[in-house]
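Structure file model-v2.pdb; described as PDB, C-alpha atoms and all ligand atoms.
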ATOM      1  CA  MET A   1      78.066  18.172  40.617
ATOM      2  CA  LYS A   2      78.639  19.778  37.239
ATOM      3  CA  LEU A   3      77.497  23.381  37.341
ATOM      4  CA  ILE A   4      76.324  25.339  34.293
ATOM      5  CA  GLU A   5      78.817  28.145  33.846
ATOM      6  CA  PRO A   6      76.492  30.880  32.520
ATOM      7  CA  ILE A   7      74.234  30.336  35.536
ATOM      8  CA  VAL A   8      77.195  30.423  37.913
ATOM      9  CA  ALA A   9      78.356  33.654  36.295
ATOM     10  CA  ASN A  10      74.932  35.160  36.907
ATOM     11  CA  THR A  11      74.950  34.337  40.620
ATOM     12  CA  PRO A  12      75.046  37.980  41.813
ATOM     13  CA  GLU A  13      71.816  38.890  39.983
ATOM     14  CA  ILE A  14      69.988  35.801  41.209
ATOM     15  CA  ALA A  15      71.312  36.190  44.762
ATOM     16  CA  ALA A  16      70.045  39.781  44.780
ATOM     17  CA  LEU A  17      66.628  38.543  43.678
ATOM     18  CA  ARG A  18      66.633  35.952  46.447
ATOM     19  CA  LYS A  19      67.482  38.555  49.058
ATOM     20  CA  ASP A  20      64.808  40.924  47.774
ATOM     21  CA  ILE A  21      62.182  38.187  48.005
ATOM     22  CA  HIS A  22      63.490  37.185  51.436
ATOM     23  CA  ALA A  23      63.077  40.752  52.685
ATOM     24  CA  HIS A  24      59.446  40.847  51.535
ATOM     25  CA  PRO A  25      57.838  37.561  52.653
ATOM     26  CA  GLU A  26      54.169  37.000  51.875
ATOM     27  CA  LEU A  27      51.913  34.294  53.273
ATOM     28  CA  CYS A  28      49.907  31.816  51.262
ATOM     29  CA  PHE A  29      47.665  33.253  48.541
ATOM     30  CA  GLN A  30      49.006  36.742  49.378
ATOM     31  CA  GLU A  31      52.129  36.483  47.201
ATOM     32  CA  VAL A  32      51.208  39.589  45.198
ATOM     33  CA  ARG A  33      54.544  41.398  45.352
ATOM     34  CA  THR A  34      56.476  38.176  44.847
ATOM     35  CA  ALA A  35      54.370  37.331  41.795
ATOM     36  CA  ASP A  36      54.957  40.862  40.503
ATOM     37  CA  VAL A  37      58.720  40.388  40.855
ATOM     38  CA  VAL A  38      58.551  37.024  39.085
ATOM     39  CA  ALA A  39      56.356  38.359  36.280
ATOM     40  CA  ALA A  40      58.551  41.424  35.781
ATOM     41  CA  LYS A  41      61.721  39.356  35.525
ATOM     42  CA  LEU A  42      60.207  36.807  33.139
ATOM     43  CA  THR A  43      58.900  39.622  30.961
ATOM     44  CA  GLU A  44      62.274  41.393  31.061
ATOM     45  CA  TRP A  45      63.847  38.193  29.756
ATOM     46  CA  GLY A  46      61.335  37.900  26.903
ATOM     47  CA  ILE A  47      59.320  35.068  28.423
ATOM     48  CA  PRO A  48      55.535  35.111  27.856
ATOM     49  CA  ILE A  49      53.610  34.740  31.113
ATOM     50  CA  HIS A  50      50.198  33.736  32.393
ATOM     51  CA  ARG A  51      49.111  35.227  35.718
ATOM     52  CA  GLY A  52      46.407  34.710  38.296
ATOM     53  CA  MET A  53      46.131  30.938  38.217
ATOM     54  CA  GLY A  54      45.424  29.706  41.748
ATOM     55  CA  THR A  55      45.132  33.358  42.836
ATOM     56  CA  THR A  56      48.745  34.525  42.548
ATOM     57  CA  GLY A  57      50.335  31.791  40.440
ATOM     58  CA  VAL A  58      52.571  32.695  37.528
ATOM     59  CA  VAL A  59      53.446  30.480  34.581
ATOM     60  CA  GLY A  60      56.272  31.337  32.200
ATOM     61  CA  ILE A  61      56.473  29.705  28.781
ATOM     62  CA  VAL A  62      59.743  29.036  26.958
ATOM     63  CA  LYS A  63      59.678  27.270  23.610
ATOM     64  CA  ALA A  64      62.518  26.025  21.445
ATOM     65  CA  GLY A  65      62.752  23.903  18.340
ATOM     66  CA  THR A  66      59.774  22.126  16.820
ATOM     67  CA  SER A  67      58.855  19.376  19.257
ATOM     68  CA  SER A  68      55.379  19.333  20.786
ATOM     69  CA  ARG A  69      56.726  17.715  23.943
ATOM     70  CA  ALA A  70      56.549  19.750  27.145
ATOM     71  CA  LEU A  71      57.504  19.596  30.776
ATOM     72  CA  ALA A  72      57.217  21.915  33.749
ATOM     73  CA  LEU A  73      59.558  23.058  36.470
ATOM     74  CA  ARG A  74      57.859  24.262  39.623
ATOM     75  CA  ALA A  75      58.723  26.458  42.614
ATOM     76  CA  ASP A  76      56.715  27.753  45.554
ATOM     77  CA  MET A  77      56.558  31.443  46.540
ATOM     78  CA  ASP A  78      54.948  31.652  49.990
ATOM     79  CA  ALA A  79      56.525  32.366  53.373
ATOM     80  CA  LEU A  80      55.704  31.290  56.933
ATOM     81  CA  PRO A  81      53.961  33.154  59.770
ATOM     82  CA  MET A  82      57.126  33.372  61.875
ATOM     83  CA  GLN A  83      59.142  36.245  63.273
ATOM     84  CA  GLU A  84      62.627  36.566  61.831
ATOM     85  CA  PHE A  85      65.410  37.405  64.274
ATOM     86  CA  ASN A  86      68.240  37.632  61.764
ATOM     87  CA  THR A  87      69.842  41.048  61.567
ATOM     88  CA  PHE A  88      71.383  40.955  58.103
ATOM     89  CA  ALA A  89      70.383  43.611  55.584
ATOM     90  CA  HIS A  90      67.849  41.445  53.775
ATOM     91  CA  ALA A  91      66.028  40.259  56.899
ATOM     92  CA  SER A  92      62.240  40.262  56.727
ATOM     93  CA  GLN A  93      60.661  43.699  56.604
ATOM     94  CA  HIS A  94      57.276  42.266  57.561
ATOM     95  CA  ALA A  95      56.751  41.505  61.238
ATOM     96  CA  GLY A  96      55.565  37.983  61.853
ATOM     97  CA  LYS A  97      56.406  36.746  58.368
ATOM     98  CA  MET A  98      59.567  35.009  57.244
ATOM     99  CA  HIS A  99      60.930  32.942  54.399
ATOM    100  CA  ALA A 100      61.977  30.291  56.886
ATOM    101  CA  CYS A 101      61.334  27.380  54.529
ATOM    102  CA  GLY A 102      63.525  28.643  51.723
ATOM    103  CA  HIS A 103      60.883  29.396  49.125
ATOM    104  CA  ASP A 104      62.709  32.644  48.403
ATOM    105  CA  GLY A 105      65.541  30.418  47.224
ATOM    106  CA  HIS A 106      63.205  28.151  45.250
ATOM    107  CA  THR A 107      61.694  31.132  43.446
ATOM    108  CA  ALA A 108      65.100  32.615  42.672
ATOM    109  CA  MET A 109      66.397  29.252  41.448
ATOM    110  CA  LEU A 110      63.495  28.801  39.062
ATOM    111  CA  LEU A 111      64.004  32.354  37.814
ATOM    112  CA  ALA A 112      67.637  31.487  37.138
ATOM    113  CA  ALA A 113      66.543  28.429  35.169
ATOM    114  CA  ALA A 114      63.980  30.482  33.255
ATOM    115  CA  GLN A 115      66.557  33.075  32.329
ATOM    116  CA  HIS A 116      68.965  30.380  31.173
ATOM    117  CA  PHE A 117      66.359  28.563  29.085
ATOM    118  CA  ALA A 118      65.172  31.798  27.469
ATOM    119  CA  LYS A 119      68.691  32.902  26.643
ATOM    120  CA  HIS A 120      70.075  29.645  25.287
ATOM    121  CA  ARG A 121      67.010  27.661  24.120
ATOM    122  CA  ASN A 122      69.226  24.616  23.701
ATOM    123  CA  PHE A 123      66.377  22.120  23.902
ATOM    124  CA  ASP A 124      63.523  20.957  21.695
ATOM    125  CA  GLY A 125      60.023  21.514  23.046
ATOM    126  CA  THR A 126      58.377  23.645  25.708
ATOM    127  CA  VAL A 127      59.368  24.314  29.293
ATOM    128  CA  TYR A 128      56.748  25.794  31.584
ATOM    129  CA  LEU A 129      58.041  27.619  34.642
ATOM    130  CA  VAL A 130      55.363  27.221  37.301
ATOM    131  CA  PHE A 131      55.502  29.582  40.290
ATOM    132  CA  GLN A 132      52.821  28.380  42.669
ATOM    133  CA  PRO A 133      51.266  30.062  45.705
ATOM    134  CA  ALA A 134      50.535  28.569  49.074
ATOM    135  CA  GLU A 135      52.732  25.521  49.403
ATOM    136  CA  GLU A 136      52.709  25.824  53.182
ATOM    137  CA  GLY A 137      49.489  23.944  53.647
ATOM    138  CA  GLY A 138      47.312  26.167  51.498
ATOM    139  CA  GLY A 139      46.955  23.785  48.588
ATOM    140  CA  GLY A 140      48.238  26.290  46.057
ATOM    141  CA  ALA A 141      49.118  23.575  43.569
ATOM    142  CA  ARG A 142      45.598  22.205  43.814
ATOM    143  CA  GLU A 143      44.181  25.659  43.151
ATOM    144  CA  MET A 144      46.327  26.074  40.043
ATOM    145  CA  ILE A 145      45.220  22.667  38.807
ATOM    146  CA  LYS A 146      41.582  23.581  39.487
ATOM    147  CA  ASP A 147      42.119  26.731  37.447
ATOM    148  CA  GLY A 148      43.165  24.620  34.475
ATOM    149  CA  LEU A 149      46.946  24.484  34.763
ATOM    150  CA  PHE A 150      47.278  21.191  32.932
ATOM    151  CA  GLU A 151      44.528  21.914  30.428
ATOM    152  CA  GLN A 152      46.222  25.128  29.364
ATOM    153  CA  PHE A 153      49.742  23.848  29.766
ATOM    154  CA  PRO A 154      49.768  20.071  29.224
ATOM    155  CA  VAL A 155      53.040  18.423  30.209
ATOM    156  CA  GLU A 156      54.569  14.973  30.355
ATOM    157  CA  ALA A 157      56.142  15.609  33.735
ATOM    158  CA  VAL A 158      56.547  18.200  36.465
ATOM    159  CA  PHE A 159      59.793  18.553  38.359
ATOM    160  CA  GLY A 160      59.748  20.236  41.733
ATOM    161  CA  MET A 161      62.405  20.485  44.383
ATOM    162  CA  HIS A 162      62.877  21.616  47.947
ATOM    163  CA  ASN A 163      66.015  22.746  49.681
ATOM    164  CA  TRP A 164      67.284  20.432  52.387
ATOM    165  CA  PRO A 165      69.669  22.213  54.751
ATOM    166  CA  GLY A 166      71.011  18.941  56.145
ATOM    167  CA  MET A 167      72.519  17.974  52.828
ATOM    168  CA  ALA A 168      76.010  19.071  51.889
ATOM    169  CA  ALA A 169      76.290  21.993  49.504
ATOM    170  CA  GLY A 170      76.706  20.812  45.934
ATOM    171  CA  THR A 171      74.730  17.616  46.432
ATOM    172  CA  PHE A 172      71.321  16.712  45.086
ATOM    173  CA  ALA A 173      68.938  13.924  46.027
ATOM    174  CA  ALA A 174      66.015  12.491  44.097
ATOM    175  CA  SER A 175      63.251  10.060  44.861
ATOM    176  CA  ALA A 176      60.529   8.409  42.809
ATOM    177  CA  GLY A 177      58.082   8.798  45.677
ATOM    178  CA  PRO A 178      57.157  11.213  48.453
ATOM    179  CA  VAL A 179      60.075  12.580  50.446
ATOM    180  CA  MET A 180      58.946  15.565  52.479
ATOM    181  CA  ALA A 181      57.196  15.843  55.844
ATOM    182  CA  SER A 182      53.730  16.391  54.424
ATOM    183  CA  SER A 183      53.982  13.650  51.846
ATOM    184  CA  GLY A 184      51.827  10.588  52.025
ATOM    185  CA  LEU A 185      49.022  10.313  54.547
ATOM    186  CA  ARG A 186      49.096  11.479  58.116
ATOM    187  CA  SER A 187      46.585  12.276  60.790
ATOM    188  CA  SER A 188      46.176  15.796  62.046
ATOM    189  CA  SER A 189      45.308  16.756  65.577
ATOM    190  CA  ALA A 190      41.751  17.218  64.402
ATOM    191  CA  GLY A 191      41.693  13.686  63.061
ATOM    192  CA  ARG A 192      41.710  14.581  59.399
ATOM    193  CA  ALA A 193      43.980  12.760  57.019
ATOM    194  CA  ARG A 194      45.979  14.699  54.522
ATOM    195  CA  SER A 195      48.076  13.731  51.594
ATOM    196  CA  ALA A 196      50.528  15.260  49.201
ATOM    197  CA  VAL A 197      50.970  14.958  45.487
ATOM    198  CA  PRO A 198      54.664  14.103  45.408
ATOM    199  CA  THR A 199      55.572  16.535  42.667
ATOM    200  CA  PHE A 200      53.731  19.442  44.187
ATOM    201  CA  ARG A 201      53.683  18.504  47.876
ATOM    202  CA  THR A 202      50.255  19.944  48.513
ATOM    203  CA  TRP A 203      47.542  19.174  51.008
ATOM    204  CA  SER A 204      44.377  17.324  50.061
ATOM    205  CA  GLY A 205      42.513  18.934  52.942
ATOM    206  CA  THR A 206      40.378  22.015  52.586
ATOM    207  CA  THR A 207      41.936  23.861  55.502
ATOM    208  CA  ASP A 208      45.494  24.184  56.653
ATOM    209  CA  PRO A 209      47.442  25.261  59.713
ATOM    210  CA  TRP A 210      48.846  28.458  58.197
ATOM    211  CA  CYS A 211      46.097  29.939  56.030
ATOM    212  CA  SER A 212      43.213  29.165  58.362
ATOM    213  CA  PRO A 213      44.296  27.949  61.783
ATOM    214  CA  TRP A 214      42.235  25.247  63.435
TER
HETATM  215 ZN    ZN B 301      58.846  24.647  52.026
END

Give the structure from the file, written as structure tokens.
Ligand SMILES: [Zn+2]
Amino acid sequence: MKLIEPIVANTPEIAALRKDIHAHPELCFQEVRTADVVAAKLTEWGIPIHRGMGTTGVVGIVKAGTSSRALALRADMDALPMQEFNTFAHASQHAGKMHACGHDGHTAMLLAAAQHFAKHRNFDGTVYLVFQPAEEGGGGAREMIKDGLFEQFPVEAVFGMHNWPGMAAGTFAASAGPVMASSGLRSSSAGRARSAVPTFRTWSGTTDPWCSPW
């Protein structure tokens, strides 16, 4: 994999951000501090932001050149209701909450991309950086869409990603269709079927196991 040198050089700053977010996990639709961190960094880097979409969602806007074409990159910000037993310095400071799914990494990675785009602007068009709440079953993507995400920020495509610990470091996998556990349709224990929009991996149901146990 060919790495982008300026991003590699900035690893310490982004790693520190990841650890800070890891130490302060917030559950779905409660990502207030995380959204504050994201908004502060985007603003520091000169990126206009829109806040409050889907409750705590943040959208950063980076433009370059003259093209009217646009795409979005998306990351999720929420943590899981789990107790962390790690003892390293950046372990969770909130009992019963943990970034066990890696969304601290997703958020930090998208911040790194945002910083790079804003600094170099070596593209033609608009990139929206979408930081969504409540990926863990809360339907945060759906809430952002209901709040007018694509009316305010129309795009040709949205690219999302999820870490996959089983894959070797330095590798990347892509699929045209659903790939994660909650993708497609499945039956819950209560007999309700749920689905996921591949790009956003969100529930179609109105309740979820983490935000409102059932
Ligand atoms: Zn996840």

Report as a PDB file with C-alpha atoms, in the frame of the given file which protein, DNA and RNA residues come within 7 Å of ligand ZN 301 (chain B), using all atoms listed in the file.
ATOM      1  CA  CYS A 101      61.334  27.380  54.529  1.00  0.00           C
ATOM      2  CA  GLY A 102      63.525  28.643  51.723  1.00  0.00           C
ATOM      3  CA  HIS A 103      60.883  29.396  49.125  1.00  0.00           C
ATOM      4  CA  GLU A 135      52.732  25.521  49.403  1.00  0.00           C
ATOM      5  CA  GLU A 136      52.709  25.824  53.182  1.00  0.00           C
ATOM      6  CA  HIS A 162      62.877  21.616  47.947  1.00  0.00           C
TER       7      HIS A 162
END

Inset, instruction - Please identify all polymer residues within 8 Å of range 55-70 of chain A, counting only C-alpha atoms, omitting same-chain residues fewer than 6 positions from it, and present them as a PyMOL selection string. - result: chain A and resi 29-32+35+38-39+42+47-49+114+117-118+121-133+143-144+154-157

Legend entry - A:His116, A:His106, A:His99, A:Arg142 ranked by distance to Glu26 in chain A, top pick (using only C-alpha atoms): A:His99

Inset, instruction - Using all atoms listed in the file, pick whichever of A:Glu151, A:Gly166, A:Ala134, A:Thr11 has the shortest atom-to-atom distance to Gly54 in chain A. - result: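 Of the candidates, the smallest distance to Gly54 in chain A is held by A:Ala134.
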
Legend entry - Spatial neighbours of Ala108 in chain A, max dist 12 Å, all atoms listed in the file, sep filter under 6 positions, as JSON, numbers by chain: {"A": [7, 10, 11, 12, 13, 14, 15, 16, 17, 18, 19, 20, 21, 22, 34, 35, 37, 38, 41, 42, 74, 75, 76, 77, 102, 114, 115, 129, 131]}

For those residues, write C-alpha atoms to a file as a PDB file, in the coordinates of the input.
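So the final result, stored in result-v9.pdb, reads:
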ATOM      1  CA  ILE A   7      74.234  30.336  35.536  1.00  0.00           C
ATOM      2  CA  ASN A  10      74.932  35.160  36.907  1.00  0.00           C
ATOM      3  CA  THR A  11      74.950  34.337  40.620  1.00  0.00           C
ATOM      4  CA  PRO A  12      75.046  37.980  41.813  1.00  0.00           C
ATOM      5  CA  GLU A  13      71.816  38.890  39.983  1.00  0.00           C
ATOM      6  CA  ILE A  14      69.988  35.801  41.209  1.00  0.00           C
ATOM      7  CA  ALA A  15      71.312  36.190  44.762  1.00  0.00           C
ATOM      8  CA  ALA A  16      70.045  39.781  44.780  1.00  0.00           C
ATOM      9  CA  LEU A  17      66.628  38.543  43.678  1.00  0.00           C
ATOM     10  CA  ARG A  18      66.633  35.952  46.447  1.00  0.00           C
ATOM     11  CA  LYS A  19      67.482  38.555  49.058  1.00  0.00           C
ATOM     12  CA  ASP A  20      64.808  40.924  47.774  1.00  0.00           C
ATOM     13  CA  ILE A  21      62.182  38.187  48.005  1.00  0.00           C
ATOM     14  CA  HIS A  22      63.490  37.185  51.436  1.00  0.00           C
ATOM     15  CA  THR A  34      56.476  38.176  44.847  1.00  0.00           C
ATOM     16  CA  ALA A  35      54.370  37.331  41.795  1.00  0.00           C
ATOM     17  CA  VAL A  37      58.720  40.388  40.855  1.00  0.00           C
ATOM     18  CA  VAL A  38      58.551  37.024  39.085  1.00  0.00           C
ATOM     19  CA  LYS A  41      61.721  39.356  35.525  1.00  0.00           C
ATOM     20  CA  LEU A  42      60.207  36.807  33.139  1.00  0.00           C
ATOM     21  CA  ARG A  74      57.859  24.262  39.623  1.00  0.00           C
ATOM     22  CA  ALA A  75      58.723  26.458  42.614  1.00  0.00           C
ATOM     23  CA  ASP A  76      56.715  27.753  45.554  1.00  0.00           C
ATOM     24  CA  MET A  77      56.558  31.443  46.540  1.00  0.00           C
ATOM     25  CA  GLY A 102      63.525  28.643  51.723  1.00  0.00           C
ATOM     26  CA  ALA A 114      63.980  30.482  33.255  1.00  0.00           C
ATOM     27  CA  GLN A 115      66.557  33.075  32.329  1.00  0.00           C
ATOM     28  CA  LEU A 129      58.041  27.619  34.642  1.00  0.00           C
ATOM     29  CA  PHE A 131      55.502  29.582  40.290  1.00  0.00           C
TER      30      PHE A 131
END

Legend entry - Atomic distance CA of Phe159 in chain A - CA of Ala72 in chain A, expressed in Å with one decimal: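 Here the two named atoms are 6.3 Å from each other.
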
Legend entry - Pairwise distance for CA of Ala95 in chain A and CA of Ala112 in chain A, rounded to one decimal in Å: 28.3 Å

Inset, instruction - To one decimal in Å, tell me the separation between CA of Leu71 in chain A and CA of Ala141 in chain A. - result: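 Atom-to-atom, CA of Leu71 in chain A to CA of Ala141 in chain A, that is 15.8 Å.
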
Legend entry - Counting all atoms listed in the file, the residue of A:Met167, A:Ala23, A:Met161, A:Leu149 that sits nearest Ala100 in chain A: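 Answer, going by the shortest atom-to-atom distance: A:Ala23.
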
Legend entry - Residue IDs satisfying the PyMOL selection byres (((chain A and resi 97) around 9) and not hetatm), as a PyMOL selection string: chain A and resi 24-27+79-84+92-96+98-100

Legend entry - A:Leu110, A:Cys28, A:Ile4, A:Ala168 ranked by distance to Leu73 in chain A, top pick (using all atoms listed in the file):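 Going through A:Leu110, A:Cys28, A:Ile4, A:Ala168 one by one, the smallest distance to Leu73 in chain A is for A:Leu110.
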
Since the input has fewer atoms than a full residue there, write range 101-131 of chain A out with N, CA and C atoms, as a compact mmCIF listing (two decimals), in the frame of the given file.
# COMPACT_ATOMS: atom_id res chain seq x y z
N CYS A 101 61.32 28.69 55.18
CA CYS A 101 61.33 27.38 54.53
C CYS A 101 62.15 27.40 53.24
N GLY A 102 62.64 28.58 52.88
CA GLY A 102 63.52 28.64 51.72
C GLY A 102 62.84 28.85 50.39
N HIS A 103 61.57 29.23 50.40
CA HIS A 103 60.88 29.40 49.12
C HIS A 103 61.39 30.62 48.37
N ASP A 104 62.03 31.54 49.09
CA ASP A 104 62.71 32.64 48.40
C ASP A 104 63.81 32.08 47.50
N GLY A 105 64.51 31.08 48.02
CA GLY A 105 65.54 30.42 47.22
C GLY A 105 64.95 29.63 46.06
N HIS A 106 63.84 28.93 46.33
CA HIS A 106 63.20 28.15 45.25
C HIS A 106 62.79 29.07 44.10
N THR A 107 62.17 30.20 44.47
CA THR A 107 61.69 31.13 43.45
C THR A 107 62.86 31.69 42.65
N ALA A 108 63.92 32.07 43.35
CA ALA A 108 65.10 32.62 42.67
C ALA A 108 65.75 31.56 41.77
N MET A 109 65.79 30.32 42.25
CA MET A 109 66.40 29.25 41.45
C MET A 109 65.62 29.01 40.16
N LEU A 110 64.29 29.03 40.27
CA LEU A 110 63.50 28.80 39.06
C LEU A 110 63.62 29.99 38.11
N LEU A 111 63.76 31.19 38.67
CA LEU A 111 64.00 32.35 37.81
C LEU A 111 65.34 32.20 37.08
N ALA A 112 66.33 31.70 37.78
CA ALA A 112 67.64 31.49 37.14
C ALA A 112 67.51 30.49 35.99
N ALA A 113 66.75 29.42 36.23
CA ALA A 113 66.54 28.43 35.17
C ALA A 113 65.79 29.05 34.00
N ALA A 114 64.77 29.85 34.31
CA ALA A 114 63.98 30.48 33.26
C ALA A 114 64.85 31.39 32.39
N GLN A 115 65.67 32.16 33.06
CA GLN A 115 66.56 33.08 32.33
C GLN A 115 67.50 32.29 31.42
N HIS A 116 68.03 31.20 31.95
CA HIS A 116 68.96 30.38 31.17
C HIS A 116 68.27 29.75 29.96
N PHE A 117 67.09 29.18 30.20
CA PHE A 117 66.36 28.56 29.08
C PHE A 117 66.04 29.59 28.00
N ALA A 118 65.58 30.78 28.43
CA ALA A 118 65.17 31.80 27.47
C ALA A 118 66.36 32.30 26.66
N LYS A 119 67.50 32.36 27.30
CA LYS A 119 68.69 32.90 26.64
C LYS A 119 69.31 31.90 25.68
N HIS A 120 69.33 30.63 26.08
CA HIS A 120 70.08 29.64 25.29
C HIS A 120 69.18 28.75 24.42
N ARG A 121 67.99 28.46 24.87
CA ARG A 121 67.01 27.66 24.12
C ARG A 121 67.67 26.44 23.46
N ASN A 122 68.50 25.79 24.21
CA ASN A 122 69.23 24.62 23.70
C ASN A 122 68.49 23.32 24.03
N PHE A 123 67.20 23.31 23.72
CA PHE A 123 66.38 22.12 23.90
C PHE A 123 65.31 22.13 22.82
N ASP A 124 64.54 21.07 22.74
CA ASP A 124 63.52 20.96 21.70
C ASP A 124 62.18 20.68 22.35
N GLY A 125 61.32 21.69 22.41
CA GLY A 125 60.02 21.51 23.05
C GLY A 125 59.64 22.75 23.84
N THR A 126 58.84 22.53 24.88
CA THR A 126 58.38 23.64 25.71
C THR A 126 58.69 23.37 27.17
N VAL A 127 59.19 24.38 27.84
CA VAL A 127 59.37 24.31 29.29
C VAL A 127 58.44 25.34 29.93
N TYR A 128 57.59 24.89 30.82
CA TYR A 128 56.75 25.79 31.58
C TYR A 128 57.39 26.02 32.95
N LEU A 129 57.51 27.28 33.32
CA LEU A 129 58.04 27.62 34.64
C LEU A 129 56.84 27.95 35.52
N VAL A 130 56.57 27.08 36.48
CA VAL A 130 55.36 27.22 37.30
C VAL A 130 55.73 27.76 38.68
N PHE A 131 55.28 28.96 38.98
CA PHE A 131 55.50 29.58 40.29
C PHE A 131 54.18 29.51 41.03
